[in-house]
>>> print(open('run_3.cif').read())   # mmCIF, N, CA, C and O atoms
data_entry
loop_
_atom_site.label_atom_id
_atom_site.label_comp_id
_atom_site.auth_asym_id
_atom_site.auth_seq_id
_atom_site.Cartn_x
_atom_site.Cartn_y
_atom_site.Cartn_z
N MET A 457 123.41 55.57 121.55
CA MET A 457 123.90 55.87 120.21
C MET A 457 123.01 56.93 119.55
O MET A 457 121.81 56.97 119.79
N ILE A 458 123.59 57.74 118.73
CA ILE A 458 122.84 58.79 118.03
C ILE A 458 122.25 58.21 116.75
O ILE A 458 122.93 57.55 115.98
N ASP A 459 120.96 58.47 116.54
CA ASP A 459 120.25 57.94 115.38
C ASP A 459 120.34 58.95 114.22
O ASP A 459 119.46 59.78 114.05
N ILE A 460 121.43 58.84 113.46
CA ILE A 460 121.64 59.75 112.32
C ILE A 460 120.53 59.58 111.29
O ILE A 460 120.07 60.55 110.70
N GLN A 461 120.07 58.34 111.11
CA GLN A 461 119.03 58.10 110.10
C GLN A 461 117.75 58.85 110.44
O GLN A 461 117.06 59.35 109.56
N ALA A 462 117.41 58.96 111.72
CA ALA A 462 116.21 59.69 112.13
C ALA A 462 116.36 61.18 111.79
O ALA A 462 115.40 61.83 111.34
N ILE A 463 117.55 61.72 111.97
CA ILE A 463 117.81 63.12 111.62
C ILE A 463 117.68 63.30 110.10
O ILE A 463 117.06 64.26 109.63
N ILE A 464 118.26 62.38 109.34
CA ILE A 464 118.17 62.44 107.87
C ILE A 464 116.70 62.36 107.43
O ILE A 464 116.25 63.16 106.61
N ASP A 465 115.96 61.41 108.01
CA ASP A 465 114.55 61.25 107.64
C ASP A 465 113.76 62.52 107.93
O ASP A 465 112.93 62.95 107.12
N ASN A 466 114.02 63.14 109.07
CA ASN A 466 113.32 64.37 109.43
C ASN A 466 113.65 65.49 108.44
O ASN A 466 112.77 66.23 108.00
N CYS A 467 114.92 65.59 108.05
CA CYS A 467 115.32 66.61 107.08
C CYS A 467 114.66 66.37 105.72
O CYS A 467 114.22 67.31 105.06
N GLU A 468 114.59 65.10 105.31
CA GLU A 468 114.03 64.77 104.00
C GLU A 468 112.51 64.96 103.96
O GLU A 468 111.93 65.01 102.88
N GLN A 469 111.87 65.08 105.10
CA GLN A 469 110.43 65.33 105.13
C GLN A 469 110.10 66.81 104.95
O GLN A 469 108.94 67.16 104.73
N GLN A 470 111.11 67.66 105.03
CA GLN A 470 110.87 69.09 104.87
C GLN A 470 110.52 69.40 103.41
O GLN A 470 110.96 68.71 102.50
N VAL A 471 109.74 70.43 103.22
CA VAL A 471 109.29 70.82 101.87
C VAL A 471 109.72 72.25 101.60
O VAL A 471 109.51 73.14 102.42
N CYS A 472 110.34 72.46 100.45
CA CYS A 472 110.78 73.80 100.06
C CYS A 472 109.56 74.72 99.96
O CYS A 472 108.60 74.40 99.25
N PRO A 473 109.59 75.87 100.65
CA PRO A 473 108.45 76.78 100.60
C PRO A 473 108.26 77.44 99.23
O PRO A 473 107.17 77.90 98.91
N VAL A 474 109.30 77.45 98.42
CA VAL A 474 109.22 78.08 97.10
C VAL A 474 108.81 77.07 96.02
O VAL A 474 107.93 77.33 95.21
N HIS A 475 109.45 75.90 96.02
CA HIS A 475 109.27 74.93 94.94
C HIS A 475 108.42 73.71 95.33
O HIS A 475 108.08 72.90 94.46
N GLY A 476 108.13 73.53 96.62
CA GLY A 476 107.30 72.42 97.06
C GLY A 476 107.95 71.05 96.92
O GLY A 476 107.26 70.05 96.81
N LYS A 477 109.29 71.01 96.94
CA LYS A 477 110.00 69.74 96.77
C LYS A 477 110.73 69.37 98.06
O LYS A 477 111.05 70.22 98.88
N ASN A 478 111.01 68.06 98.19
CA ASN A 478 111.78 67.56 99.32
C ASN A 478 113.25 67.45 98.95
O ASN A 478 113.57 67.16 97.80
N PRO A 479 114.14 67.61 99.93
CA PRO A 479 115.57 67.42 99.66
C PRO A 479 115.97 65.95 99.76
O PRO A 479 115.21 65.13 100.28
N LYS A 480 117.13 65.64 99.28
CA LYS A 480 117.75 64.32 99.44
C LYS A 480 118.99 64.53 100.29
O LYS A 480 119.83 65.38 99.97
N VAL A 481 119.09 63.79 101.39
CA VAL A 481 120.19 63.96 102.33
C VAL A 481 120.93 62.64 102.48
O VAL A 481 120.31 61.60 102.69
N THR A 482 122.25 62.68 102.36
CA THR A 482 123.07 61.51 102.67
C THR A 482 124.18 61.94 103.61
O THR A 482 124.67 63.07 103.56
N TYR A 483 124.55 61.02 104.50
CA TYR A 483 125.61 61.29 105.47
C TYR A 483 126.41 60.01 105.64
O TYR A 483 125.92 59.04 106.21
N GLU A 484 127.60 60.01 105.09
CA GLU A 484 128.46 58.84 105.17
C GLU A 484 129.85 59.25 105.57
O GLU A 484 130.44 60.16 104.98
N GLU A 485 130.36 58.61 106.61
CA GLU A 485 131.72 58.86 107.10
C GLU A 485 131.98 60.36 107.28
O GLU A 485 132.95 60.91 106.77
N ASP A 486 131.11 61.01 108.02
CA ASP A 486 131.21 62.44 108.34
C ASP A 486 131.12 63.35 107.13
O ASP A 486 131.54 64.50 107.18
N ASN A 487 130.58 62.86 106.02
CA ASN A 487 130.41 63.69 104.83
C ASN A 487 128.92 63.89 104.58
O ASN A 487 128.20 62.96 104.23
N LEU A 488 128.46 65.13 104.75
CA LEU A 488 127.05 65.47 104.55
C LEU A 488 126.85 65.97 103.14
O LEU A 488 127.54 66.88 102.69
N GLU A 489 125.91 65.35 102.43
CA GLU A 489 125.56 65.81 101.08
C GLU A 489 124.06 66.05 101.03
O GLU A 489 123.27 65.21 101.42
N ILE A 490 123.71 67.23 100.53
CA ILE A 490 122.30 67.61 100.42
C ILE A 490 122.03 68.00 98.98
O ILE A 490 122.73 68.84 98.42
N THR A 491 121.02 67.38 98.40
CA THR A 491 120.56 67.75 97.07
C THR A 491 119.20 68.41 97.26
O THR A 491 118.29 67.80 97.80
N ALA A 492 119.10 69.66 96.83
CA ALA A 492 117.85 70.40 97.00
C ALA A 492 117.57 71.21 95.74
O ALA A 492 118.44 71.43 94.91
N CYS A 493 116.31 71.67 95.63
CA CYS A 493 115.87 72.37 94.43
C CYS A 493 116.46 73.77 94.30
O CYS A 493 116.50 74.32 93.20
N CYS A 494 116.91 74.36 95.40
CA CYS A 494 117.52 75.69 95.34
C CYS A 494 118.53 75.85 96.48
O CYS A 494 118.49 75.13 97.47
N GLU A 495 119.42 76.79 96.33
CA GLU A 495 120.51 76.99 97.29
C GLU A 495 119.99 77.41 98.66
O GLU A 495 120.49 76.94 99.69
N ASP A 496 118.97 78.26 98.72
CA ASP A 496 118.44 78.71 100.01
C ASP A 496 117.89 77.53 100.81
O ASP A 496 118.10 77.43 102.03
N PHE A 497 117.16 76.65 100.14
CA PHE A 497 116.59 75.48 100.82
C PHE A 497 117.70 74.53 101.26
O PHE A 497 117.66 73.99 102.35
N LYS A 498 118.71 74.38 100.43
CA LYS A 498 119.86 73.53 100.77
C LYS A 498 120.53 74.04 102.04
O LYS A 498 120.85 73.27 102.95
N VAL A 499 120.72 75.34 102.13
CA VAL A 499 121.35 75.94 103.31
C VAL A 499 120.48 75.73 104.55
O VAL A 499 120.98 75.38 105.62
N SER A 500 119.17 75.90 104.41
CA SER A 500 118.30 75.74 105.59
C SER A 500 118.27 74.28 106.05
O SER A 500 118.22 74.02 107.25
N ILE A 501 118.32 73.33 105.12
CA ILE A 501 118.36 71.91 105.49
C ILE A 501 119.69 71.59 106.17
O ILE A 501 119.72 70.86 107.16
N LYS A 502 120.78 72.15 105.67
CA LYS A 502 122.08 71.92 106.31
C LYS A 502 122.07 72.46 107.74
O LYS A 502 122.56 71.80 108.66
N GLU A 503 121.51 73.64 107.93
CA GLU A 503 121.42 74.21 109.28
C GLU A 503 120.55 73.34 110.18
O GLU A 503 120.88 73.10 111.34
N MET A 504 119.44 72.85 109.64
CA MET A 504 118.55 71.98 110.40
C MET A 504 119.26 70.69 110.80
O MET A 504 119.20 70.26 111.95
N PHE A 505 119.97 70.07 109.85
CA PHE A 505 120.70 68.84 110.12
C PHE A 505 121.72 69.08 111.22
O PHE A 505 121.80 68.32 112.19
N ASN A 506 122.51 70.15 111.08
CA ASN A 506 123.56 70.44 112.07
C ASN A 506 122.98 70.71 113.45
O ASN A 506 123.53 70.27 114.45
N GLU A 507 121.86 71.42 113.51
CA GLU A 507 121.22 71.72 114.80
C GLU A 507 120.67 70.45 115.44
O GLU A 507 120.85 70.23 116.64
N GLU A 508 120.02 69.62 114.66
CA GLU A 508 119.48 68.36 115.21
C GLU A 508 120.61 67.44 115.66
O GLU A 508 120.50 66.78 116.69
N LEU A 509 121.70 67.41 114.90
CA LEU A 509 122.84 66.59 115.29
C LEU A 509 123.46 67.13 116.57
O LEU A 509 123.81 66.37 117.49
N ARG A 510 123.57 68.45 116.68
CA ARG A 510 124.13 69.07 117.89
C ARG A 510 123.26 68.73 119.10
O ARG A 510 123.77 68.35 120.15
N GLN A 511 121.94 68.83 118.95
CA GLN A 511 121.04 68.51 120.05
C GLN A 511 121.15 67.04 120.45
O GLN A 511 121.12 66.69 121.63
N ALA A 512 121.28 66.16 119.46
CA ALA A 512 121.42 64.73 119.74
C ALA A 512 122.73 64.46 120.48
O ALA A 512 122.78 63.63 121.39
N LEU A 513 123.79 65.15 120.09
CA LEU A 513 125.08 64.98 120.77
C LEU A 513 125.00 65.47 122.21
O LEU A 513 125.53 64.82 123.12
N VAL A 514 124.36 66.60 122.43
CA VAL A 514 124.19 67.11 123.79
C VAL A 514 123.43 66.10 124.63
O VAL A 514 123.82 65.77 125.76
N GLU A 515 122.34 65.58 124.08
CA GLU A 515 121.54 64.58 124.78
C GLU A 515 122.39 63.35 125.10
O GLU A 515 122.38 62.84 126.22
N TYR A 516 123.13 62.89 124.12
CA TYR A 516 123.92 61.66 124.26
C TYR A 516 125.08 61.84 125.24
O TYR A 516 125.35 60.97 126.07
N LEU A 517 125.76 62.98 125.16
CA LEU A 517 126.97 63.18 125.96
C LEU A 517 126.73 63.78 127.34
O LEU A 517 127.49 63.52 128.26
N LEU A 518 125.69 64.59 127.48
CA LEU A 518 125.49 65.30 128.74
C LEU A 518 124.24 64.87 129.50
O LEU A 518 124.31 64.50 130.66
N VAL A 519 123.11 64.94 128.85
CA VAL A 519 121.84 64.74 129.55
C VAL A 519 121.67 63.29 129.99
O VAL A 519 121.37 63.02 131.15
N ARG A 520 121.87 62.37 129.08
CA ARG A 520 121.66 60.96 129.41
C ARG A 520 122.59 60.47 130.52
O ARG A 520 122.12 59.83 131.46
N PRO A 521 123.90 60.78 130.47
CA PRO A 521 124.75 60.34 131.58
C PRO A 521 124.33 60.92 132.93
O PRO A 521 124.42 60.25 133.95
N MET A 522 123.83 62.16 132.95
CA MET A 522 123.37 62.76 134.21
C MET A 522 122.16 62.01 134.74
O MET A 522 122.06 61.76 135.94
N ARG A 523 121.23 61.64 133.85
CA ARG A 523 120.06 60.87 134.29
C ARG A 523 120.49 59.53 134.87
O ARG A 523 119.96 59.08 135.88
N GLU A 524 121.46 58.89 134.22
CA GLU A 524 121.92 57.58 134.70
C GLU A 524 122.62 57.71 136.03
O GLU A 524 122.45 56.86 136.90
N ARG A 525 123.38 58.77 136.23
CA ARG A 525 124.03 58.99 137.53
C ARG A 525 122.99 59.24 138.61
O ARG A 525 123.13 58.76 139.73
N ASN A 526 121.94 59.97 138.28
CA ASN A 526 120.89 60.27 139.26
C ASN A 526 120.13 59.00 139.66
O ASN A 526 119.68 58.89 140.79
N LYS A 527 119.99 58.06 138.74
CA LYS A 527 119.28 56.82 139.06
C LYS A 527 120.07 55.98 140.08
O LYS A 527 119.49 55.31 140.90
N THR A 528 121.40 56.02 139.98
CA THR A 528 122.22 55.17 140.83
C THR A 528 122.50 55.80 142.19
O THR A 528 122.92 55.13 143.11
N SER A 529 122.28 57.10 142.33
CA SER A 529 122.59 57.74 143.62
C SER A 529 121.40 57.82 144.53
O SER A 529 120.31 57.55 144.24
#
>>> encode(input="run_3.cif", output="structure tokens")
Amino acid sequence: MIDIQAIIDNCEQQVCPVHGKNPKVTYEEDNLEITACCEDFKVSIKEMFNEELRQALVEYLLVRPMRERNKTS
């Protein structure tokens, strides 16, 4: 299973380079909401969330099943 909360926690630990603040991220039923101090930081957090989610999906759907197949063969 993909740990969405870990991705959210990682995003919320980021600090805006301009304002020194952390964002607030919520993700419920495929709806991503980001509250940030400025639009640029909000966009970068959204990109980070999407990239981490994409990597987690690749791991979950492709890499892990290949490892499991290799163990059984």
>>> residues_around(input="run_3.cif", residues="His475 of chain A", least_positions_apart="3", cutoff="8 Å", atoms="only N, CA, C and O atoms", output="PyMOL selection string")
chain A and resi 471-472+478+493-494
>>> residues_near_point(input="run_3.cif", point="(120.7, 65.6, 109.2)", cutoff="7 Å", atoms="all atoms listed in the file", output="PyMOL selection string")
chain A and resi 460+462-465+467+501-502+504-506+508-509
>>> closest_residue(input="run_3.cif", among="A:Pro479, A:Asn526, A:Ile458, A:Asn466", to="Lys498 of chain A", atoms="only N, CA, C and O atoms")
A:Pro479
>>> closest_residue(input="run_3.cif", among="A:Asp496, A:Ile490, A:Met457, A:Thr482", to="Val514 of chain A", atoms="only C-alpha atoms")
A:Met457
>>> select_by_dssp(input="run_3.cif", residues="chain A", states="alpha helix (DSSP H)", output="count of residues only")
38
>>> closest_residue(input="run_3.cif", among="A:Gln469, A:Gln461, A:Leu513, A:Glu503", to="Tyr483 of chain A", atoms="only N, CA, C and O atoms")
A:Gln461
>>> axis_aligned_box(input="run_3.cif", around="segment 483-502 of chain A", padding_each_side="3 Å", output="JSON")
{"center_x": 124.4, "center_y": 68.7, "center_z": 100.9, "size_x": 23.1, "size_y": 26.1, "size_z": 21.5}
>>> select_by_dssp(input="run_3.cif", residues="chain A", states="strand (DSSP E or B)", output="ChimeraX atom specification")
/A:480-484,487-491
>>> atom_distance(input="run_3.cif", atom1="atom CA of Val499 of chain A", atom2="atom CA of Leu518 of chain A")
27.9 Å
>>> atom_distance(input="run_3.cif", atom1="atom CA of Val474 of chain A", atom2="atom CA of Phe497 of chain A")
8.7 Å
>>> atom_distance(input="run_3.cif", atom1="atom N of Gly476 of chain A", atom2="atom N of Ala512 of chain A")
27.4 Å
